[in-house]
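S.K.: One structure is given below, represented as structure tokens, and several questions about it will come after.
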Amino acid sequence: MSIRENFIISKRYNTVAIVLMTLGVLAIVGLYITNGSSSDVHKQARFWSALLHNSVYFLLVVNAAMFFICATTLAWGGWQLAFGRVSEAISAAVPVIGTICCIILLLICFGNNHELYHWTDAEHVKHDKILTEKSGFLNKNFFAGWTVFTIVAWSFLGWKMRKLSRSLDKNPPKSKEVGRKYVWNNTVWAALFIIVFALTVMSSIPWLWLMSIDAHWYSTMYSWYTFASTFVAGLSLIALFVIYLKNTGYLEYTNEEHLHDIGKFMFAFSIFWTYLWFSQYMLIWYSNQPEETTYFKPRAQGPYSGIFWLMFLINFIAPILILMSRGSKRNYTTMAFMALLIIFGHWLDFYQMVFPGPLTDNKTGETHVPMILYDFGVALGFVGLIMYVTARALSKAPLLAKNHPFVKESLIHHT
Amino acid sequence: MAVKKFVTGNFYDEAVLFPAVKKVRREGYKIHEIFTPFPIHGLDKAMGLRDTSLHTAGFIYGITGTATAVGFITWALTVDWQLNFGGKPYFSLPAWIPIAFELTVLFASVGMVLTFCYLCQLAPFVKKDHFNLRSTDDTFVMALECTEKTNEAEALNFLKSLGAAEVQVQYKETSWWLGRYDKDTKIFERKSELVQS
């Protein structure tokens with residue numbers, strides 16, 4: 001069997017990606033005409049919420065692919081190298097989606113609509129004791145600075161990791177010492193990424209981008225919960241690309257042993273997500289403080305309860321029952337189905353994180369659920385963008401980092 | 001309780017053992033067991049063993065644990081002794097999830113350990129025959145069970161040709177018995193028919 005080293009983008013794949021991106025642009029335009037251009041602040045907020053929800057979600061998901069590489073590198077893991085180039089290619093979408101996300105966030109932050117981020121309204125903050133006290137953290141300058149820094153740091157460190165990985169393709173390490181030095185160098189850069197990741201995704205970024213929508217409320221579990229959500233979706237995305245490439249006859253060295261381990265990650269982190277989701281809910285339910293329960297009132301019992309419990313079904317019950325057995329984690333069809341389901345489930349998770357805040361009427365206290373079809377359109381646009389960028393990144397380098405010192409460990413991997 | 005006849009051989013290398021297992025199976029010999037000092041990845045598959053049912057047992061124990069916890073607390077707090085905790089309803093499921101989780105883990109882990117011991121016939125005072133003491137130290141010991149159709153001399157030579165050392169014909173007890181190591185006769189000193197290579 002001949003080895004197909006380089007990925008060649010098929011015409012059909014390209015067409016699908018471009019059609020999806022067009023759909024996304026159309027959805028955004030449609031949403032702008034029907035909602036964004038309206039003089040009603042709630043309708044405008046609905047437009048911005050859709051953009052915020054999708055861009056932040058897909059940015060964090062593609063960034064999770066780089067986190068996966070760095071975490072396994074830091075642990076000196078070798079098993080993931082057979083498909084390592086796939087996760088690298090997915091993370092190449094971080095600068096692209098990051099730029100889009102950054103523009104959207106800055107527009108929301110400095111724009112005239114304060115329904116999403118109440119703390120951007122200087123008049124409102126003056127009369128609001130809680131927001132005044134939080135203004136050391138929740139202010140426009142810090143938000144903008146930290147957002148730009150974060151996205152630049154992710155993009156730079158991701159670019160560095162990809163460059164390190166590709167540097168071996170043409171000049172294999174000549175001696176053991178050179179190989180050791182390479183592994184060490186790789187580890188140091190991975191550790192740097194993890195530190196930045198811990199300071200951003202695992203702590204401050206979800207506070208700024210998402211939790212500040214409900215600025216009066218806070219939860220110390222929120223960032224972990226967001227991280228778990230995006231990490232399991234990121235793993236599912238890797239699994240989807242691996243399965244697609246296997247189906248089209250690439251990645252000869254990746255087999256069901258590797259898929260089995262990705263499946264274990266998806267299974268484990270689905271449960272981890274549920275653990276955080278439930279812990280956050282239970283503590284608030286148990287103590288029953290009015291300022292805390294306001295967050296869950298529209299979500300668990302109000303108009304968003306359908307989405308809330310559907311998400312629980314998709315993100316917990318389905319993975320735990322379907323992915324539990326060994327056979328299903330080694331089955332390409334089951335894994336593809338579960339990966340799609342999990343990505344959709346966590347997209348819903350982000351939906352109910354973003355939307356109830358801006359769509360609550362301050363006077364009546366009523367929360368609305370917008371028509372979800374436009375959001376699907378915007379999401380498809382981002383999916384198309386990820387497909388487009390990832391395929392381009394994949395086709396630029398060989399699909400196997402064959403000169404990596406640990407690569408044999410991955411080729412003979414056995415679970 | 002049955003004493004059977006076996007042909008055994010020692011292997012020193014996984015690279016020799018794996019092709020040997022393949023050839024032994026193709027020749028139609030019945031592999032009784034391969035004893036190794038440490039788990040070898042893929043050996044179970046090479047020997048054609050079926051997957052263990054320990055997972056299924058664990059799942060059933062876990063579900064039993066969940067059902068026990070939720071069932072008992074529900075009965076205790078809604079039927080038998082209703083208590084008002086801060087105005088919460090009597091049936092307040094979220095508060096019971098941690099306990100249900102703990103009992104799931106407890107039932108599953110304890111049940112699986114006991115099941116594992118049962119499957120491996122491990123218990124205090126249970127004794128079993130060894131084929132070769134070095135299977136706990138540095139060699140892999142393959143034991144072929146002899147049936148009435150087996151020609152022992154042929155089997156011995158076959159094992160030797162596959163790279164086995166110390167090939168022997170042995171009579172061994174296949175089952176377990178109760179006894180004490182300090183008072184019983186030393187099982188390793190029991191007679192076994194020895195055919196040196």
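Going by the structure tokens order, chains are called A, B, ..., each with residues numbered from 1, while ligands are numbered from 1 in the order shown.
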For the contact check between chain A and chain B, emit one row per residue of chain A within 10 Å, containing the shortest atom pair and the distance in Å rounded to one decimal, counting only C-alpha atoms, chain then rising number order, as JSON lines.
M.R.:
```
{"residue": "A:Phe278", "atom": "CA", "partner": "B:Pro94", "partner_atom": "CA", "distance": 8.4}
{"residue": "A:Ser279", "atom": "CA", "partner": "B:Pro98", "partner_atom": "CA", "distance": 9.5}
{"residue": "A:Tyr281", "atom": "CA", "partner": "B:Pro94", "partner_atom": "CA", "distance": 8.6}
{"residue": "A:Met282", "atom": "CA", "partner": "B:Pro94", "partner_atom": "CA", "distance": 6.1}
{"residue": "A:Leu283", "atom": "CA", "partner": "B:Ala95", "partner_atom": "CA", "distance": 9.2}
{"residue": "A:Trp285", "atom": "CA", "partner": "B:Pro94", "partner_atom": "CA", "distance": 8.1}
{"residue": "A:Tyr286", "atom": "CA", "partner": "B:Ala95", "partner_atom": "CA", "distance": 7.5}
{"residue": "A:Ser287", "atom": "CA", "partner": "B:Gly86", "partner_atom": "CA", "distance": 9.1}
{"residue": "A:Asn288", "atom": "CA", "partner": "B:Gly86", "partner_atom": "CA", "distance": 9.2}
{"residue": "A:Met324", "atom": "CA", "partner": "B:Phe59", "partner_atom": "CA", "distance": 9.5}
{"residue": "A:Ser325", "atom": "CA", "partner": "B:His55", "partner_atom": "CA", "distance": 8.3}
{"residue": "A:Arg326", "atom": "CA", "partner": "B:His55", "partner_atom": "CA", "distance": 9.4}
{"residue": "A:His413", "atom": "CA", "partner": "B:His41", "partner_atom": "CA", "distance": 9.9}
{"residue": "A:His414", "atom": "CA", "partner": "B:His41", "partner_atom": "CA", "distance": 7.1}
{"residue": "A:Thr415", "atom": "CA", "partner": "B:His41", "partner_atom": "CA", "distance": 7.8}
```
S.K.: So which residues touch Ala75 in chain A within 10 Å, counting only C-alpha atoms, skipping near sequence neighbours fewer than 3 positions away, as a list in words?
M.R.: Ile69, Cys70, Ala71, Thr72, Gly78, Thr187, Ala190 and Ala191 of chain A
S.K.: Give me, as number ranges by chain, all polymer residues having an atom no more than 8 Å from range 13-30 of chain A, counting only C-alpha atoms and skipping those fewer than 2 positions away in the same chain.
M.R.: A: 9-11, 32-34, 51, 374-375, 377-385, 387-388
S.K.: Tell me which protein, DNA and RNA residues are within 12 Å of Phe116 in chain B, counting only C-alpha atoms, leaving out same-chain ones fewer than 4 positions away, and put them as JSON, numbers by chain.
M.R.: {"B": [52, 53, 54, 55, 57, 58, 108, 109, 110, 111, 112, 120, 121, 122, 123]}
S.K.: Please provide as a ChimeraX atom specification all residues within 8 Å of Ser155 in chain A, with the sequence filter that same-chain residues fewer than 4 positions apart are discarded (counting only C-alpha atoms).
M.R.: /A:94-95,98,151,159
S.K.: Can I get the selected residues back with N, CA and C atoms, as a short mmCIF file (atom, residue, chain, number, x, y, z; two decimals), in the first residue's frame?
M.R.:
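Listed below is the output, part.cif:
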```cif
data_model
loop_
_atom_site.label_atom_id
_atom_site.label_comp_id
_atom_site.auth_asym_id
_atom_site.auth_seq_id
_atom_site.Cartn_x
_atom_site.Cartn_y
_atom_site.Cartn_z
N VAL A 94 -7.12 29.37 14.68
CA VAL A 94 -7.20 30.32 15.80
C VAL A 94 -6.95 31.77 15.36
N PRO A 95 -5.88 32.06 14.59
CA PRO A 95 -5.69 33.46 14.19
C PRO A 95 -6.85 34.01 13.37
N GLY A 98 -9.93 34.11 15.60
CA GLY A 98 -9.56 35.05 16.64
C GLY A 98 -9.72 36.49 16.19
N ILE A 151 -5.69 36.90 22.33
CA ILE A 151 -5.80 36.31 21.00
C ILE A 151 -4.45 36.32 20.30
N TRP A 159 1.30 29.19 16.54
CA TRP A 159 2.14 29.26 15.34
C TRP A 159 3.52 28.69 15.64
#
```
S.K.: Which residue gives the smallest distance to Ser38 in chain A among A:Phe267, A:Phe149, A:Asn113, A:Tyr57, with only C-alpha atoms counted?
M.R.: A:Asn113
S.K.: One decimal, in Å: what's the spacing between CA of Glu292 in chain A and CA of Trp217 in chain A?
M.R.: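 It comes out at 6.2 Å.
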S.K.: Please indicate the distance in Å from CA of Leu119 in chain B to CA of Glu173 in chain B, rounded to one decimal place.
M.R.: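 It comes out at 17.5 Å.
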S.K.: Set the distance at 8 Å and use only C-alpha atoms: which residues neighbour Gly65 in chain B once local chain neighbours fewer than 5 positions away are removed? I'd like the list as a PyMOL selection string.
M.R.: chain B and resi 100+103-108
S.K.: Next, dump the selected residues to file, keeping only N, CA and C atoms, as an mmCIF file, in the first residue's frame.
M.R.:
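And here is the file that came out, part26.cif:
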```
data_model
loop_
_atom_site.group_PDB
_atom_site.id
_atom_site.type_symbol
_atom_site.label_atom_id
_atom_site.label_comp_id
_atom_site.auth_asym_id
_atom_site.auth_seq_id
_atom_site.Cartn_x
_atom_site.Cartn_y
_atom_site.Cartn_z
ATOM 1 N N ALA B 100 -25.674 9.382 45.674
ATOM 2 C CA ALA B 100 -25.906 8.365 44.641
ATOM 3 C C ALA B 100 -24.605 8.074 43.908
ATOM 4 N N LEU B 103 -22.218 5.989 46.185
ATOM 5 C CA LEU B 103 -22.621 4.589 46.306
ATOM 6 C C LEU B 103 -22.410 3.838 44.993
ATOM 7 N N THR B 104 -22.571 4.563 43.877
ATOM 8 C CA THR B 104 -22.287 3.937 42.576
ATOM 9 C C THR B 104 -20.834 3.494 42.527
ATOM 10 N N VAL B 105 -19.946 4.421 42.922
ATOM 11 C CA VAL B 105 -18.516 4.114 42.883
ATOM 12 C C VAL B 105 -18.193 2.985 43.848
ATOM 13 N N LEU B 106 -18.753 3.055 45.052
ATOM 14 C CA LEU B 106 -18.471 2.041 46.070
ATOM 15 C C LEU B 106 -18.909 0.659 45.591
ATOM 16 N N PHE B 107 -20.145 0.558 45.124
ATOM 17 C CA PHE B 107 -20.657 -0.746 44.687
ATOM 18 C C PHE B 107 -19.828 -1.263 43.515
ATOM 19 N N ALA B 108 -19.567 -0.370 42.560
ATOM 20 C CA ALA B 108 -18.857 -0.813 41.362
ATOM 21 C C ALA B 108 -17.457 -1.285 41.721
#
```
S.K.: If DSSP is run on the backbone, what residues of range 59-185 of chain B are strand (DSSP E)? A reply as a VMD selection string would be ideal.
M.R.: chain B and resid 126 to 127 140 to 145 165 to 173 177 to 178
S.K.: Can I get the selection written as a PDB file, in the first residue's frame, with N, CA and C atoms?
M.R.:
```pdb
ATOM      1  N   VAL B 126      -6.434 -20.236  49.258  1.00  0.00           N
ATOM      2  CA  VAL B 126      -6.629 -20.962  48.005  1.00  0.00           C
ATOM      3  C   VAL B 126      -5.265 -21.204  47.374  1.00  0.00           C
ATOM      4  N   LYS B 127      -5.009 -22.425  47.033  1.00  0.00           N
ATOM      5  CA  LYS B 127      -3.709 -22.745  46.442  1.00  0.00           C
ATOM      6  C   LYS B 127      -3.877 -23.318  45.037  1.00  0.00           C
ATOM      7  N   PHE B 140       8.288 -16.258  30.085  1.00  0.00           N
ATOM      8  CA  PHE B 140       6.881 -16.475  29.748  1.00  0.00           C
ATOM      9  C   PHE B 140       6.701 -17.979  29.586  1.00  0.00           C
ATOM     10  N   VAL B 141       5.780 -18.560  30.328  1.00  0.00           N
ATOM     11  CA  VAL B 141       5.607 -20.009  30.301  1.00  0.00           C
ATOM     12  C   VAL B 141       4.320 -20.361  29.573  1.00  0.00           C
ATOM     13  N   MET B 142       4.466 -21.111  28.469  1.00  0.00           N
ATOM     14  CA  MET B 142       3.295 -21.525  27.720  1.00  0.00           C
ATOM     15  C   MET B 142       2.970 -22.959  28.079  1.00  0.00           C
ATOM     16  N   ALA B 143       1.705 -23.207  28.430  1.00  0.00           N
ATOM     17  CA  ALA B 143       1.298 -24.569  28.774  1.00  0.00           C
ATOM     18  C   ALA B 143       0.278 -25.063  27.757  1.00  0.00           C
ATOM     19  N   LEU B 144       0.595 -26.161  27.091  1.00  0.00           N
ATOM     20  CA  LEU B 144      -0.344 -26.761  26.145  1.00  0.00           C
ATOM     21  C   LEU B 144      -1.002 -27.953  26.823  1.00  0.00           C
ATOM     22  N   GLU B 145      -2.317 -28.019  26.727  1.00  0.00           N
ATOM     23  CA  GLU B 145      -3.013 -29.136  27.349  1.00  0.00           C
ATOM     24  C   GLU B 145      -2.968 -30.336  26.408  1.00  0.00           C
ATOM     25  N   ALA B 165      12.570 -22.836  25.554  1.00  0.00           N
ATOM     26  CA  ALA B 165      13.586 -23.553  26.308  1.00  0.00           C
ATOM     27  C   ALA B 165      12.880 -24.337  27.410  1.00  0.00           C
ATOM     28  N   GLU B 166      13.606 -25.223  28.036  1.00  0.00           N
ATOM     29  CA  GLU B 166      13.073 -26.004  29.163  1.00  0.00           C
ATOM     30  C   GLU B 166      11.733 -26.647  28.842  1.00  0.00           C
ATOM     31  N   VAL B 167      11.620 -27.308  27.686  1.00  0.00           N
ATOM     32  CA  VAL B 167      10.323 -27.922  27.374  1.00  0.00           C
ATOM     33  C   VAL B 167      10.147 -29.185  28.208  1.00  0.00           C
ATOM     34  N   GLN B 168       8.932 -29.334  28.756  1.00  0.00           N
ATOM     35  CA  GLN B 168       8.673 -30.428  29.689  1.00  0.00           C
ATOM     36  C   GLN B 168       7.291 -31.006  29.471  1.00  0.00           C
ATOM     37  N   VAL B 169       7.111 -32.254  29.908  1.00  0.00           N
ATOM     38  CA  VAL B 169       5.758 -32.804  30.049  1.00  0.00           C
ATOM     39  C   VAL B 169       5.476 -32.850  31.544  1.00  0.00           C
ATOM     40  N   GLN B 170       4.363 -32.267  31.961  1.00  0.00           N
ATOM     41  CA  GLN B 170       4.080 -32.202  33.390  1.00  0.00           C
ATOM     42  C   GLN B 170       2.649 -32.630  33.677  1.00  0.00           C
ATOM     43  N   TYR B 171       2.452 -33.264  34.860  1.00  0.00           N
ATOM     44  CA  TYR B 171       1.095 -33.516  35.359  1.00  0.00           C
ATOM     45  C   TYR B 171       0.791 -32.435  36.382  1.00  0.00           C
ATOM     46  N   LYS B 172      -0.305 -31.706  36.161  1.00  0.00           N
ATOM     47  CA  LYS B 172      -0.590 -30.620  37.099  1.00  0.00           C
ATOM     48  C   LYS B 172      -2.067 -30.613  37.459  1.00  0.00           C
ATOM     49  N   GLU B 173      -2.322 -30.179  38.688  1.00  0.00           N
ATOM     50  CA  GLU B 173      -3.699 -29.977  39.140  1.00  0.00           C
ATOM     51  C   GLU B 173      -4.220 -28.689  38.478  1.00  0.00           C
ATOM     52  N   TRP B 177      -7.236 -25.740  45.529  1.00  0.00           N
ATOM     53  CA  TRP B 177      -7.623 -26.440  46.746  1.00  0.00           C
ATOM     54  C   TRP B 177      -7.273 -25.561  47.928  1.00  0.00           C
ATOM     55  N   LEU B 178      -7.861 -25.874  49.068  1.00  0.00           N
ATOM     56  CA  LEU B 178      -7.604 -25.076  50.259  1.00  0.00           C
ATOM     57  C   LEU B 178      -6.425 -25.661  51.012  1.00  0.00           C
TER      58      LEU B 178
END
```
S.K.: List as a VMD selection string the protein and nucleic acid residues near range 200-204 of chain A, meaning an atom at most 10 Å away when only C-alpha atoms are counted, but skip any in the same chain fewer than 5 places from it.
M.R.: chain A and resid 60 63 to 64 137 146 to 147 149 to 151 153 to 154 194 to 195 209 211 220 to 228 230
S.K.: Looking only at helix (DSSP H, G or I) from DSSP on the backbone, list the matching residues of range 187-342 of chain A as JSON, numbers by chain.
M.R.: {"A": [187, 188, 189, 190, 191, 192, 193, 194, 195, 196, 197, 198, 199, 200, 201, 202, 203, 204, 205, 206, 207, 208, 209, 211, 212, 213, 214, 222, 223, 224, 225, 226, 227, 228, 229, 230, 231, 232, 233, 234, 235, 236, 237, 238, 239, 240, 241, 242, 243, 244, 245, 246, 247, 256, 257, 258, 259, 260, 261, 262, 263, 264, 265, 266, 267, 268, 269, 270, 271, 272, 273, 274, 275, 276, 277, 278, 279, 280, 281, 282, 283, 284, 285, 286, 287, 290, 291, 292, 293, 294, 295, 296, 297, 298, 299, 300, 301, 305, 306, 307, 308, 309, 310, 311, 312, 313, 314, 315, 316, 317, 318, 319, 320, 321, 322, 326, 327, 328, 329, 332, 333, 334, 335, 336, 337, 338, 339, 340, 341, 342]}
S.K.: Give me, please, the distance in Å between CA of Gly179 in chain A and CA of Pro405 in chain A, quoted to one decimal.
M.R.: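 One can read the CA of Gly179 in chain A to CA of Pro405 in chain A distance as 6.0 Å.
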